[in-house]
>>> print(open('target.txt').read())   # compact mmCIF, C-alpha atoms and all ligand atoms
# COMPACT_ATOMS: atom_id res chain seq x y z
CA MET A 1210 0.00 0.00 0.00
CA ASN A 1211 1.53 3.28 -1.11
CA ASN A 1212 0.62 6.12 1.22
CA HIS A 1213 3.36 8.55 0.20
CA VAL A 1214 1.77 12.02 0.26
CA THR A 1215 3.59 12.89 -2.95
CA VAL A 1216 1.16 11.72 -5.61
CA LEU A 1217 0.92 11.67 -9.35
CA GLU A 1218 -2.69 12.13 -10.34
CA ILE A 1219 -3.30 10.69 -13.78
CA ASP A 1220 -6.16 12.41 -15.55
CA GLY A 1221 -8.09 9.62 -17.29
CA ASN A 1222 -10.44 12.00 -19.11
CA ALA A 1223 -7.45 13.89 -20.47
CA ILE A 1224 -5.97 10.66 -21.81
CA LEU A 1225 -9.27 9.81 -23.51
CA HIS A 1226 -9.44 13.33 -24.93
CA ASN A 1227 -5.93 12.94 -26.35
CA LEU A 1228 -6.75 9.54 -27.82
CA ASN A 1229 -9.79 11.00 -29.54
CA TYR A 1230 -7.79 13.94 -30.81
CA PHE A 1231 -5.47 11.54 -32.66
CA LYS A 1232 -8.34 9.29 -33.77
CA LYS A 1233 -9.94 12.26 -35.50
CA LYS A 1234 -6.70 13.02 -37.30
CA LEU A 1235 -6.35 9.48 -38.62
CA ASN A 1236 -8.17 7.58 -41.34
CA PRO A 1237 -11.14 5.83 -39.73
CA GLU A 1238 -9.73 2.38 -40.52
CA THR A 1239 -6.27 3.06 -39.06
CA LYS A 1240 -5.70 1.00 -35.93
CA ILE A 1241 -4.21 2.50 -32.80
CA LEU A 1242 -1.48 1.00 -30.68
CA ALA A 1243 -1.12 2.75 -27.33
CA VAL A 1244 2.46 2.77 -26.08
CA VAL A 1245 2.44 2.12 -22.32
CA LYS A 1246 6.11 1.32 -21.82
CA ALA A 1247 8.08 2.72 -18.87
CA PHE A 1248 5.04 2.47 -16.59
CA GLY A 1249 2.88 4.41 -19.04
CA TYR A 1250 5.44 7.21 -19.40
CA GLY A 1251 6.00 7.46 -15.67
CA SER A 1252 2.38 6.98 -14.63
CA ASP A 1253 0.87 3.52 -14.21
CA ALA A 1254 0.70 1.20 -17.19
CA VAL A 1255 -1.90 -1.10 -15.63
CA GLN A 1256 -4.31 1.72 -14.87
CA ILE A 1257 -3.78 3.26 -18.32
CA ALA A 1258 -4.30 -0.11 -19.99
CA LYS A 1259 -7.51 -0.72 -18.04
CA LEU A 1260 -8.73 2.68 -19.15
CA LEU A 1261 -7.85 2.11 -22.82
CA LYS A 1262 -8.30 -1.63 -23.29
CA ASN A 1263 -11.55 -1.42 -25.25
CA LYS A 1264 -10.57 1.76 -27.08
CA VAL A 1265 -7.31 0.79 -28.77
CA ASP A 1266 -6.28 -2.20 -30.88
CA TYR A 1267 -2.88 -2.90 -29.37
CA PHE A 1268 -0.59 -2.04 -26.51
CA ALA A 1269 3.18 -1.87 -26.71
CA VAL A 1270 5.71 -2.18 -23.94
CA ALA A 1271 9.49 -2.09 -24.21
CA TYR A 1272 10.33 -5.10 -22.06
CA THR A 1273 8.76 -8.45 -21.32
CA ASN A 1274 8.18 -7.83 -17.62
CA GLU A 1275 6.13 -4.77 -18.51
CA GLY A 1276 3.89 -6.97 -20.64
CA ILE A 1277 3.60 -9.58 -17.90
CA ALA A 1278 2.38 -6.89 -15.49
CA LEU A 1279 -0.45 -6.07 -17.90
CA ARG A 1280 -1.43 -9.72 -18.36
CA GLU A 1281 -1.40 -10.24 -14.60
CA ALA A 1282 -3.86 -7.35 -14.37
CA ASP A 1283 -6.11 -9.29 -16.75
CA ILE A 1284 -5.52 -7.13 -19.82
CA LYS A 1285 -6.49 -9.28 -22.81
CA THR A 1286 -5.63 -6.81 -25.59
CA PRO A 1287 -2.73 -7.87 -27.87
CA ILE A 1288 0.59 -6.65 -26.44
CA LEU A 1289 3.63 -6.06 -28.61
CA VAL A 1290 6.94 -6.36 -26.76
CA LEU A 1291 9.25 -3.98 -28.60
CA HIS A 1292 12.57 -5.13 -27.22
CA PRO A 1293 12.54 -8.75 -26.08
CA GLN A 1294 15.64 -10.77 -25.28
CA ILE A 1295 16.27 -14.48 -25.85
CA GLN A 1296 16.06 -15.03 -22.09
CA ASN A 1297 12.49 -13.67 -22.13
CA LEU A 1298 11.00 -15.72 -24.95
CA GLN A 1299 9.56 -18.47 -22.75
CA SER A 1300 7.74 -15.88 -20.61
CA ILE A 1301 6.53 -14.20 -23.77
CA LEU A 1302 4.84 -17.45 -24.75
CA ASP A 1303 3.59 -18.16 -21.24
CA TYR A 1304 1.89 -14.77 -21.07
CA LYS A 1305 0.72 -14.66 -24.70
CA LEU A 1306 2.76 -11.59 -25.47
CA GLU A 1307 3.76 -10.82 -29.05
CA PRO A 1308 7.50 -10.45 -29.60
CA ASN A 1309 9.22 -8.10 -31.98
CA LEU A 1310 11.71 -10.43 -33.65
CA TYR A 1311 14.39 -7.98 -34.72
CA SER A 1312 17.35 -10.26 -35.45
CA PHE A 1313 18.04 -13.75 -36.77
CA LYS A 1314 19.43 -14.75 -33.42
CA LEU A 1315 16.15 -13.92 -31.71
CA PHE A 1316 14.08 -15.29 -34.58
CA LYS A 1317 15.82 -18.67 -34.48
CA ALA A 1318 15.65 -18.88 -30.70
CA PHE A 1319 11.92 -18.25 -30.88
CA LEU A 1320 11.38 -20.91 -33.55
CA LYS A 1321 13.35 -23.39 -31.49
CA LEU A 1322 11.11 -22.79 -28.48
CA ALA A 1323 8.06 -23.01 -30.70
CA ASP A 1324 9.25 -26.41 -31.97
CA ASN A 1325 9.18 -27.84 -28.51
CA ILE A 1326 5.57 -26.98 -27.88
CA THR A 1327 4.05 -27.02 -31.37
CA LEU A 1328 2.41 -23.68 -31.81
CA LYS A 1329 0.17 -22.71 -34.66
CA ASN A 1330 0.23 -19.24 -36.19
CA TYR A 1331 1.64 -17.61 -33.06
CA PRO A 1332 1.61 -13.85 -33.67
CA ILE A 1333 5.03 -12.27 -34.03
CA HIS A 1334 6.20 -8.93 -35.39
CA ILE A 1335 9.16 -8.15 -37.58
CA LYS A 1336 11.03 -4.90 -37.36
CA PHE A 1337 13.04 -3.30 -40.11
CA ASN A 1338 15.87 -0.92 -39.61
CA THR A 1339 15.22 1.91 -42.06
CA GLY A 1340 17.74 4.39 -40.69
CA LEU A 1341 17.50 4.66 -36.93
CA ASN A 1342 20.15 1.94 -36.60
CA ARG A 1343 18.83 0.78 -33.28
CA LEU A 1344 16.89 -2.48 -33.73
CA GLY A 1345 15.74 -4.35 -36.79
CA PHE A 1346 16.54 -6.37 -39.87
CA SER A 1347 18.01 -4.85 -42.97
CA HIS A 1348 16.74 -5.17 -46.53
CA LYS A 1349 19.23 -7.83 -47.46
CA ASP A 1350 17.82 -10.10 -44.74
CA ILE A 1351 14.37 -10.26 -46.32
CA PRO A 1352 14.86 -13.32 -48.60
CA LYS A 1353 16.21 -15.33 -45.69
CA ILE A 1354 13.36 -14.22 -43.42
CA ILE A 1355 10.82 -15.25 -46.03
CA THR A 1356 12.47 -18.64 -46.56
CA THR A 1357 12.41 -19.22 -42.81
CA LEU A 1358 8.78 -18.17 -42.57
CA LYS A 1359 7.76 -20.50 -45.39
CA GLU A 1360 9.24 -23.43 -43.52
CA THR A 1361 7.01 -22.98 -40.48
CA THR A 1362 3.32 -22.79 -39.65
CA GLN A 1363 4.06 -22.21 -35.99
CA ILE A 1364 4.35 -18.48 -36.26
CA LYS A 1365 2.51 -15.88 -38.26
CA VAL A 1366 3.74 -12.39 -38.94
CA GLN A 1367 1.15 -10.13 -37.41
CA SER A 1368 2.92 -6.98 -38.49
CA LEU A 1369 5.95 -5.50 -40.16
CA PHE A 1370 7.15 -2.26 -38.70
CA SER A 1371 9.91 0.27 -38.45
CA HIS A 1372 10.63 3.40 -36.42
CA LEU A 1373 11.43 6.92 -37.59
CA ALA A 1374 14.60 8.61 -36.39
CA ALA A 1375 13.54 12.25 -36.60
CA SER A 1376 9.79 12.39 -37.15
CA GLU A 1377 9.50 15.54 -35.03
CA ASP A 1378 12.13 17.46 -36.96
CA LEU A 1379 11.00 18.91 -40.29
CA LYS A 1380 14.60 19.82 -41.11
CA GLU A 1381 15.11 16.08 -41.50
CA LYS A 1382 12.17 15.68 -43.86
CA ASP A 1383 14.23 14.20 -46.71
CA PHE A 1384 15.72 11.61 -44.42
CA THR A 1385 12.30 10.70 -43.06
CA ILE A 1386 10.71 10.46 -46.53
CA ASN A 1387 13.54 8.11 -47.41
CA GLN A 1388 12.83 5.98 -44.33
CA ILE A 1389 9.16 5.80 -45.33
CA SER A 1390 10.08 4.70 -48.82
CA ASN A 1391 12.55 2.08 -47.52
CA PHE A 1392 9.83 0.70 -45.32
CA LYS A 1393 7.37 0.55 -48.23
CA GLN A 1394 9.87 -1.35 -50.34
CA ALA A 1395 10.53 -3.87 -47.60
CA ALA A 1396 6.80 -4.37 -47.10
CA GLN A 1397 6.22 -4.85 -50.83
CA GLN A 1398 8.89 -7.50 -50.99
CA PHE A 1399 7.23 -9.29 -48.11
CA TYR A 1400 3.78 -9.07 -49.61
CA LYS A 1401 5.07 -10.49 -52.86
CA TYR A 1402 6.39 -13.68 -51.32
CA LEU A 1403 4.03 -14.32 -48.41
CA ASP A 1404 0.53 -15.60 -49.05
CA TYR A 1405 -0.92 -13.25 -46.43
CA GLU A 1406 -0.48 -9.55 -45.72
CA PRO A 1407 0.80 -8.61 -42.26
CA MET A 1408 -0.21 -5.21 -40.88
CA LEU A 1409 2.21 -2.34 -41.44
CA HIS A 1410 3.04 0.42 -38.97
CA LEU A 1411 5.67 3.10 -38.79
CA LEU A 1412 4.50 6.29 -37.09
CA ASN A 1413 4.94 7.47 -33.52
CA THR A 1414 3.15 10.58 -32.21
CA SER A 1415 5.11 13.18 -34.15
CA GLY A 1416 5.05 10.90 -37.19
CA VAL A 1417 1.23 11.01 -37.08
CA VAL A 1418 1.40 14.79 -36.98
CA ASN A 1419 4.02 15.33 -39.68
CA TYR A 1420 3.67 12.34 -42.01
CA PRO A 1421 -0.01 11.27 -41.95
CA GLN A 1422 0.40 9.84 -45.47
CA ALA A 1423 2.47 7.04 -43.86
CA GLN A 1424 -0.11 5.81 -41.35
CA PHE A 1425 -0.42 2.40 -43.10
CA ASN A 1426 -2.60 0.02 -41.00
CA MET A 1427 -1.72 1.20 -37.51
CA VAL A 1428 0.10 3.97 -35.63
CA ARG A 1429 1.96 3.80 -32.31
CA ILE A 1430 1.08 6.68 -30.05
CA GLY A 1431 2.99 7.31 -26.85
CA ILE A 1432 3.77 10.85 -25.72
CA GLY A 1433 0.68 12.23 -27.50
CA LEU A 1434 -1.61 10.25 -25.21
CA TYR A 1435 0.20 11.83 -22.30
CA GLY A 1436 -0.38 15.38 -23.52
CA PHE A 1437 2.55 16.36 -25.71
CA GLY A 1438 2.28 17.00 -29.43
CA ASN A 1439 4.82 17.92 -31.98
CA ASP A 1440 4.87 21.63 -31.15
CA GLU A 1441 3.29 24.10 -28.78
CA GLU A 1442 0.26 24.64 -30.98
CA GLU A 1443 -0.50 20.95 -31.06
CA THR A 1444 0.24 20.47 -27.38
CA ASN A 1445 -2.37 23.17 -26.71
CA GLN A 1446 -4.96 20.94 -28.38
CA LEU A 1447 -4.04 18.12 -26.02
CA LYS A 1448 -4.87 17.91 -22.34
CA ASN A 1449 -2.34 17.48 -19.57
CA THR A 1450 -2.45 14.00 -18.04
CA HIS A 1451 0.24 14.01 -15.34
CA ASN A 1452 -0.36 16.15 -12.21
CA LEU A 1453 2.37 15.89 -9.61
CA LYS A 1454 1.46 17.08 -6.12
CA SER A 1455 2.74 17.04 -2.58
CA ILE A 1456 2.19 18.90 0.70
CA ILE A 1457 4.15 21.13 3.06
CA SER A 1458 5.71 18.99 5.81
CA GLN A 1459 7.29 21.74 7.87
CA ILE A 1460 7.78 25.51 7.87
CA HIS A 1461 10.94 27.19 9.20
CA SER A 1462 11.83 30.75 9.93
CA ILE A 1463 15.45 31.45 8.97
CA ASN A 1464 17.46 34.35 10.32
CA PRO A 1465 19.82 36.38 8.13
CA GLY A 1466 23.14 34.53 7.78
CA GLU A 1467 21.62 31.10 8.42
CA THR A 1468 21.75 28.52 5.68
CA VAL A 1469 19.38 25.94 4.22
CA GLY A 1470 20.13 22.39 3.09
CA TYR A 1471 23.18 20.37 2.18
CA ASN A 1472 26.46 22.17 1.62
CA ARG A 1473 24.74 25.23 3.07
CA ALA A 1474 23.92 26.14 -0.52
CA PHE A 1475 21.29 28.74 0.38
CA VAL A 1476 22.35 31.62 2.62
CA ALA A 1477 19.57 33.84 3.96
CA LYS A 1478 20.21 37.55 3.31
CA GLN A 1479 17.11 38.52 5.25
CA GLN A 1480 14.49 36.92 7.44
CA THR A 1481 13.20 34.05 5.29
CA LYS A 1482 10.35 31.59 5.65
CA THR A 1483 10.93 28.17 4.10
CA ALA A 1484 8.74 25.13 3.50
CA THR A 1485 10.06 21.58 3.35
CA ILE A 1486 8.30 19.35 0.81
CA PRO A 1487 8.55 15.55 0.67
CA ILE A 1488 9.75 15.16 -2.91
CA GLY A 1489 13.38 14.87 -3.96
CA HIS A 1490 15.63 13.54 -6.66
CA ALA A 1491 14.66 9.98 -5.72
CA ASP A 1492 11.09 10.87 -6.67
CA GLY A 1493 12.19 12.15 -10.04
CA LEU A 1494 13.08 15.82 -9.55
CA SER A 1495 16.39 16.70 -11.12
CA ARG A 1496 19.07 18.29 -8.94
CA LYS A 1497 19.31 20.90 -11.67
CA LEU A 1498 16.09 22.39 -10.26
CA GLY A 1499 17.83 23.39 -7.03
CA ASN A 1500 19.34 26.74 -6.16
CA LYS A 1501 16.51 28.94 -7.45
CA LYS A 1502 16.22 27.26 -10.84
CA GLY A 1503 12.90 25.51 -10.25
CA ILE A 1504 9.57 26.58 -8.79
CA VAL A 1505 6.50 24.91 -7.30
CA LEU A 1506 3.03 26.36 -6.74
CA ILE A 1507 1.62 26.87 -3.26
CA ASN A 1508 -1.84 28.43 -3.01
CA ASN A 1509 -1.44 29.59 -6.60
CA GLN A 1510 1.81 31.40 -5.93
CA LYS A 1511 5.27 30.57 -7.17
CA ALA A 1512 7.70 29.32 -4.54
CA THR A 1513 11.33 29.03 -5.58
CA ILE A 1514 13.35 25.93 -4.73
CA ILE A 1515 16.27 27.06 -2.57
CA GLY A 1516 19.43 25.13 -1.78
CA ASN A 1517 20.17 21.73 -3.22
CA VAL A 1518 17.48 19.21 -4.12
CA CYS A 1519 17.88 16.40 -1.55
CA MET A 1520 17.16 12.75 -2.20
CA ASP A 1521 13.80 12.91 -0.42
CA MET A 1522 12.99 16.60 -0.01
CA ILE A 1523 13.16 20.11 -1.36
CA MET A 1524 13.02 23.39 0.51
CA VAL A 1525 11.24 26.35 -1.04
CA ASP A 1526 11.03 30.04 -0.23
CA ILE A 1527 7.58 30.95 1.08
CA THR A 1528 8.51 34.31 2.65
CA LYS A 1529 5.78 36.09 0.69
CA ILE A 1530 3.26 33.26 0.57
CA GLU A 1531 0.36 32.79 2.95
CA CYS A 1532 0.43 29.07 3.79
CA VAL A 1533 0.52 26.52 6.62
CA GLU A 1534 1.97 23.05 7.17
CA GLY A 1535 -0.18 20.49 5.33
CA ASP A 1536 -1.08 22.82 2.45
CA GLU A 1537 -1.01 21.39 -1.05
CA VAL A 1538 2.05 21.91 -3.24
CA ILE A 1539 1.85 21.58 -7.01
CA ILE A 1540 5.02 20.46 -8.72
CA PHE A 1541 3.28 20.52 -12.11
CA ASN A 1542 -0.27 20.41 -13.38
CA ASN A 1543 0.00 21.60 -16.95
CA GLN A 1544 2.19 21.02 -19.97
CA GLU A 1545 3.90 24.40 -19.66
CA MET A 1546 5.16 23.54 -16.18
CA ILE A 1547 6.37 20.14 -17.39
CA GLN A 1548 8.11 21.82 -20.32
CA ASN A 1549 9.75 24.38 -18.01
CA ILE A 1550 10.98 21.68 -15.65
CA SER A 1551 12.34 19.77 -18.65
CA ASP A 1552 14.13 22.85 -20.01
CA THR A 1553 15.63 23.69 -16.62
CA SER A 1554 16.61 20.06 -16.09
CA GLU A 1555 18.24 20.17 -19.54
CA THR A 1556 16.11 17.35 -20.86
CA ILE A 1557 12.91 16.58 -22.78
CA THR A 1558 9.38 16.00 -21.51
CA TYR A 1559 9.73 12.24 -22.17
CA GLU A 1560 12.43 12.08 -19.52
CA THR A 1561 10.66 14.36 -17.03
CA LEU A 1562 7.58 12.13 -17.14
CA THR A 1563 9.37 8.79 -17.07
CA GLN A 1564 11.64 9.92 -14.21
CA ILE A 1565 8.70 10.09 -11.80
CA SER A 1566 9.75 7.26 -9.57
CA HIS A 1567 8.05 4.21 -8.23
CA ARG A 1568 7.95 5.77 -4.80
CA VAL A 1569 5.38 8.36 -5.92
CA HIS A 1570 1.80 7.21 -5.38
CA LYS A 1571 -0.04 7.03 -8.72
CA ILE A 1572 -3.78 7.69 -8.72
CA LEU A 1573 -6.00 7.56 -11.80
CA LYS A 1574 -8.69 10.23 -11.54
C1 LIG B 1 8.45 4.70 -27.65
C2 LIG B 1 8.09 4.26 -29.02
C3 LIG B 1 6.96 4.79 -29.68
C4 LIG B 1 6.15 5.93 -29.11
O1 LIG B 1 6.77 7.16 -29.43
P1 LIG B 1 6.11 8.57 -29.04
O2 LIG B 1 7.03 9.56 -29.62
O3 LIG B 1 6.07 8.61 -27.55
O4 LIG B 1 4.74 8.58 -29.62
C5 LIG B 1 6.62 4.24 -30.90
N1 LIG B 1 7.35 3.25 -31.46
C6 LIG B 1 8.46 2.74 -30.88
C7 LIG B 1 9.23 1.67 -31.56
C8 LIG B 1 8.88 3.24 -29.65
O5 LIG B 1 9.99 2.74 -29.08
>>> encode(input="target.txt", output="structure tokens")
Amino acid sequence: MNNHVTVLEIDGNAILHNLNYFKKKLNPETKILAVVKAFGYGSDAVQIAKLLKNKVDYFAVAYTNEGIALREADIKTPILVLHPQIQNLQSILDYKLEPNLYSFKLFKAFLKLADNITLKNYPIHIKFNTGLNRLGFSHKDIPKIITTLKETTQIKVQSLFSHLAASEDLKEKDFTINQISNFKQAAQQFYKYLDYEPMLHLLNTSGVVNYPQAQFNMVRIGIGLYGFGNDEEETNQLKNTHNLKSIISQIHSINPGETVGYNRAFVAKQQTKTATIPIGHADGLSRKLGNKKGIVLINNQKATIIGNVCMDMIMVDITKIECVEGDEVIIFNNQEMIQNISDTSETITYETLTQISHRVHKILK
């Protein structure tokens, strides 16, 4: 039972709003895969999956254990495991997860397991590397993949997919168009030699926004569900889903010359009132937010973080704020605050969201 007073409220209606926003953008027949890896971008994958299970066609997770957690919560929707390892393949079968087979080594290991238990048409996915150079087969591997597939009835290719390297960056448009065309060629080669047509999918959130002509049969939406589009204008159309809150544990009155926190990083120049808040770098707040770089909201007023961010706490300046111990503290409750925290932490919103640690209590509202 998690009773940490620092909570992440996940706004279920906002997630549904964001899903519908993308649905409206897409062709009506395009399927949607909701990406719930990394605990649903730092929230709670099980609660997100329960919310979305009848509204999307697929879920994707990065690692096998993330898929197992969904199955254990009785999620029956197909689950694509984007980055399985040979060591995980038995669990993938046990939990009816669908592996991305991205290399011959993995492919062969899976077929070997399948041989032992005689499967029929077990759904697998094949990933092509079209330029990201992260995971996936290359074009020259296609004939060998097809030969291997023709020798077995144990597995069936549910989809062929690839991933764009710079879908958010229109300066890389030529590169991206080339990736799209590489993917099309690979798919055509497959379709020519297989007697069935696996689904095709390529786009992530910013791909949907910038390259809707490449939506194929399905799109894979992650960050968009959680409130962030390709640019500010688009993000404004989306609703914020992650609200991070805490409370004031203790208030101190600091005399001029006294210091606050580790290494005595804050030195009071005048009489200063401080509030201690139970959230620190172990909860996902970067140390870069310390020493007056970051702010939180207390009773609608900005309170600056003073001194160093501790593992479990921050101290903020409340000299000019009317507040008492136990009052609510908002770390962020809109996309602008999340963006500001990301900028100050020298990172991107993906990292700010996924950094929110396991210690924080997650509540779907
Ligand atoms: C994480 C991921 C996505 C989702 O990307 P967003 O930018 O969050 O929409 C899609 N596809 C793959 C392969 C991924 O790893």
>>> residues_near_ligand(input="target.txt", ligand="ligand LIG 1 (chain B)", cutoff="8 Å", atoms="only C-alpha atoms and all ligand atoms", output="list in words")
Val1244, Lys1246, Ala1271, Leu1291, Ser1371, His1372, Leu1411, Leu1412, Asn1413, Thr1414, Ser1415, Gly1416, Arg1429, Ile1430, Gly1431, Ile1432, Gly1433, Leu1434 and Tyr1559 of chain A
>>> write_last_selection(input="target.txt", atoms="C-alpha atoms", output="PDB file, in the coordinates of the input")
ATOM      1  CA  VAL A1244       2.460   2.770 -26.080  1.00  0.00           C
ATOM      2  CA  LYS A1246       6.110   1.320 -21.820  1.00  0.00           C
ATOM      3  CA  ALA A1271       9.490  -2.090 -24.210  1.00  0.00           C
ATOM      4  CA  LEU A1291       9.250  -3.980 -28.600  1.00  0.00           C
ATOM      5  CA  SER A1371       9.910   0.270 -38.450  1.00  0.00           C
ATOM      6  CA  HIS A1372      10.630   3.400 -36.420  1.00  0.00           C
ATOM      7  CA  LEU A1411       5.670   3.100 -38.790  1.00  0.00           C
ATOM      8  CA  LEU A1412       4.500   6.290 -37.090  1.00  0.00           C
ATOM      9  CA  ASN A1413       4.940   7.470 -33.520  1.00  0.00           C
ATOM     10  CA  THR A1414       3.150  10.580 -32.210  1.00  0.00           C
ATOM     11  CA  SER A1415       5.110  13.180 -34.150  1.00  0.00           C
ATOM     12  CA  GLY A1416       5.050  10.900 -37.190  1.00  0.00           C
ATOM     13  CA  ARG A1429       1.960   3.800 -32.310  1.00  0.00           C
ATOM     14  CA  ILE A1430       1.080   6.680 -30.050  1.00  0.00           C
ATOM     15  CA  GLY A1431       2.990   7.310 -26.850  1.00  0.00           C
ATOM     16  CA  ILE A1432       3.770  10.850 -25.720  1.00  0.00           C
ATOM     17  CA  GLY A1433       0.680  12.230 -27.500  1.00  0.00           C
ATOM     18  CA  LEU A1434      -1.610  10.250 -25.210  1.00  0.00           C
ATOM     19  CA  TYR A1559       9.730  12.240 -22.170  1.00  0.00           C
TER      20      TYR A1559
END
>>> residues_near_point(input="target.txt", point="(15.1, 19.0, -12.5)", cutoff="10 Å", atoms="only C-alpha atoms", output="ChimeraX atom specification")
/A:1489-1490,1493-1499,1502-1503,1518,1549-1556,1561,1564
>>> write_last_selection(input="target.txt", atoms="C-alpha atoms", output="PDB file, in the frame of the given file")
ATOM      1  CA  GLY A1489      13.380  14.870  -3.960  1.00  0.00           C
ATOM      2  CA  HIS A1490      15.630  13.540  -6.660  1.00  0.00           C
ATOM      3  CA  GLY A1493      12.190  12.150 -10.040  1.00  0.00           C
ATOM      4  CA  LEU A1494      13.080  15.820  -9.550  1.00  0.00           C
ATOM      5  CA  SER A1495      16.390  16.700 -11.120  1.00  0.00           C
ATOM      6  CA  ARG A1496      19.070  18.290  -8.940  1.00  0.00           C
ATOM      7  CA  LYS A1497      19.310  20.900 -11.670  1.00  0.00           C
ATOM      8  CA  LEU A1498      16.090  22.390 -10.260  1.00  0.00           C
ATOM      9  CA  GLY A1499      17.830  23.390  -7.030  1.00  0.00           C
ATOM     10  CA  LYS A1502      16.220  27.260 -10.840  1.00  0.00           C
ATOM     11  CA  GLY A1503      12.900  25.510 -10.250  1.00  0.00           C
ATOM     12  CA  VAL A1518      17.480  19.210  -4.120  1.00  0.00           C
ATOM     13  CA  ASN A1549       9.750  24.380 -18.010  1.00  0.00           C
ATOM     14  CA  ILE A1550      10.980  21.680 -15.650  1.00  0.00           C
ATOM     15  CA  SER A1551      12.340  19.770 -18.650  1.00  0.00           C
ATOM     16  CA  ASP A1552      14.130  22.850 -20.010  1.00  0.00           C
ATOM     17  CA  THR A1553      15.630  23.690 -16.620  1.00  0.00           C
ATOM     18  CA  SER A1554      16.610  20.060 -16.090  1.00  0.00           C
ATOM     19  CA  GLU A1555      18.240  20.170 -19.540  1.00  0.00           C
ATOM     20  CA  THR A1556      16.110  17.350 -20.860  1.00  0.00           C
ATOM     21  CA  THR A1561      10.660  14.360 -17.030  1.00  0.00           C
ATOM     22  CA  GLN A1564      11.640   9.920 -14.210  1.00  0.00           C
TER      23      GLN A1564
END
>>> atom_distance(input="target.txt", atom1="CA of Ala1223 (chain A)", atom2="CA of Met1427 (chain A)")
22.0 Å
>>> atom_distance(input="target.txt", atom1="CA of Thr1357 (chain A)", atom2="CA of Ile1277 (chain A)")
28.1 Å
>>> closest_residue(input="target.txt", among="A:Lys1365, A:His1410, A:His1451, A:His1213", to="Thr1563 (chain A)", atoms="all atoms listed in the file")
A:His1451
>>> residues_near_point(input="target.txt", point="(0.7, 31.7, 4.2)", cutoff="12 Å", atoms="only C-alpha atoms", output="VMD selection string")
chain A and resid 1457 1460 1482 to 1484 1507 to 1510 1512 1526 to 1537
>>> residues_around(input="target.txt", residues="Tyr1331 (chain A)", least_positions_apart="3", cutoff="10 Å", atoms="all atoms listed in the file", output="list in words")
Leu1302, Lys1305, Leu1306, Glu1307, Pro1308, Ala1323, Thr1327, Leu1328, Thr1362, Gln1363, Ile1364, Lys1365, Val1366 and Gln1367 of chain A
>>> build_atoms(input="target.txt", residues="region 1446-1457 of chain A", atoms="N, CA and C atoms", output="PDB file, in the frame of the given file")
ATOM      1  N   GLN A1446      -3.732  21.680 -28.042  1.00  0.00           N
ATOM      2  CA  GLN A1446      -4.960  20.940 -28.380  1.00  0.00           C
ATOM      3  C   GLN A1446      -5.115  19.709 -27.473  1.00  0.00           C
ATOM      4  N   LEU A1447      -4.021  19.333 -26.859  1.00  0.00           N
ATOM      5  CA  LEU A1447      -4.040  18.120 -26.020  1.00  0.00           C
ATOM      6  C   LEU A1447      -4.226  18.527 -24.560  1.00  0.00           C
ATOM      7  N   LYS A1448      -4.690  17.585 -23.759  1.00  0.00           N
ATOM      8  CA  LYS A1448      -4.870  17.910 -22.340  1.00  0.00           C
ATOM      9  C   LYS A1448      -3.749  17.284 -21.514  1.00  0.00           C
ATOM     10  N   ASN A1449      -3.391  17.983 -20.457  1.00  0.00           N
ATOM     11  CA  ASN A1449      -2.340  17.480 -19.570  1.00  0.00           C
ATOM     12  C   ASN A1449      -2.864  16.258 -18.804  1.00  0.00           C
ATOM     13  N   THR A1450      -2.021  15.244 -18.691  1.00  0.00           N
ATOM     14  CA  THR A1450      -2.450  14.000 -18.040  1.00  0.00           C
ATOM     15  C   THR A1450      -1.760  13.738 -16.712  1.00  0.00           C
ATOM     16  N   HIS A1451      -0.556  14.296 -16.528  1.00  0.00           N
ATOM     17  CA  HIS A1451       0.240  14.010 -15.340  1.00  0.00           C
ATOM     18  C   HIS A1451       0.219  15.223 -14.392  1.00  0.00           C
ATOM     19  N   ASN A1452      -0.346  15.067 -13.212  1.00  0.00           N
ATOM     20  CA  ASN A1452      -0.360  16.150 -12.210  1.00  0.00           C
ATOM     21  C   ASN A1452       0.398  15.673 -10.978  1.00  0.00           C
ATOM     22  N   LEU A1453       1.516  16.329 -10.713  1.00  0.00           N
ATOM     23  CA  LEU A1453       2.370  15.890  -9.610  1.00  0.00           C
ATOM     24  C   LEU A1453       2.197  16.836  -8.413  1.00  0.00           C
ATOM     25  N   LYS A1454       1.814  16.261  -7.283  1.00  0.00           N
ATOM     26  CA  LYS A1454       1.460  17.080  -6.120  1.00  0.00           C
ATOM     27  C   LYS A1454       2.117  16.553  -4.858  1.00  0.00           C
ATOM     28  N   SER A1455       2.261  17.466  -3.888  1.00  0.00           N
ATOM     29  CA  SER A1455       2.740  17.040  -2.580  1.00  0.00           C
ATOM     30  C   SER A1455       2.114  17.955  -1.533  1.00  0.00           C
ATOM     31  N   ILE A1456       2.688  17.993  -0.347  1.00  0.00           N
ATOM     32  CA  ILE A1456       2.190  18.900   0.700  1.00  0.00           C
ATOM     33  C   ILE A1456       3.384  19.522   1.440  1.00  0.00           C
ATOM     34  N   ILE A1457       3.096  20.544   2.221  1.00  0.00           N
ATOM     35  CA  ILE A1457       4.150  21.130   3.060  1.00  0.00           C
ATOM     36  C   ILE A1457       4.279  20.290   4.331  1.00  0.00           C
TER      37      ILE A1457
END
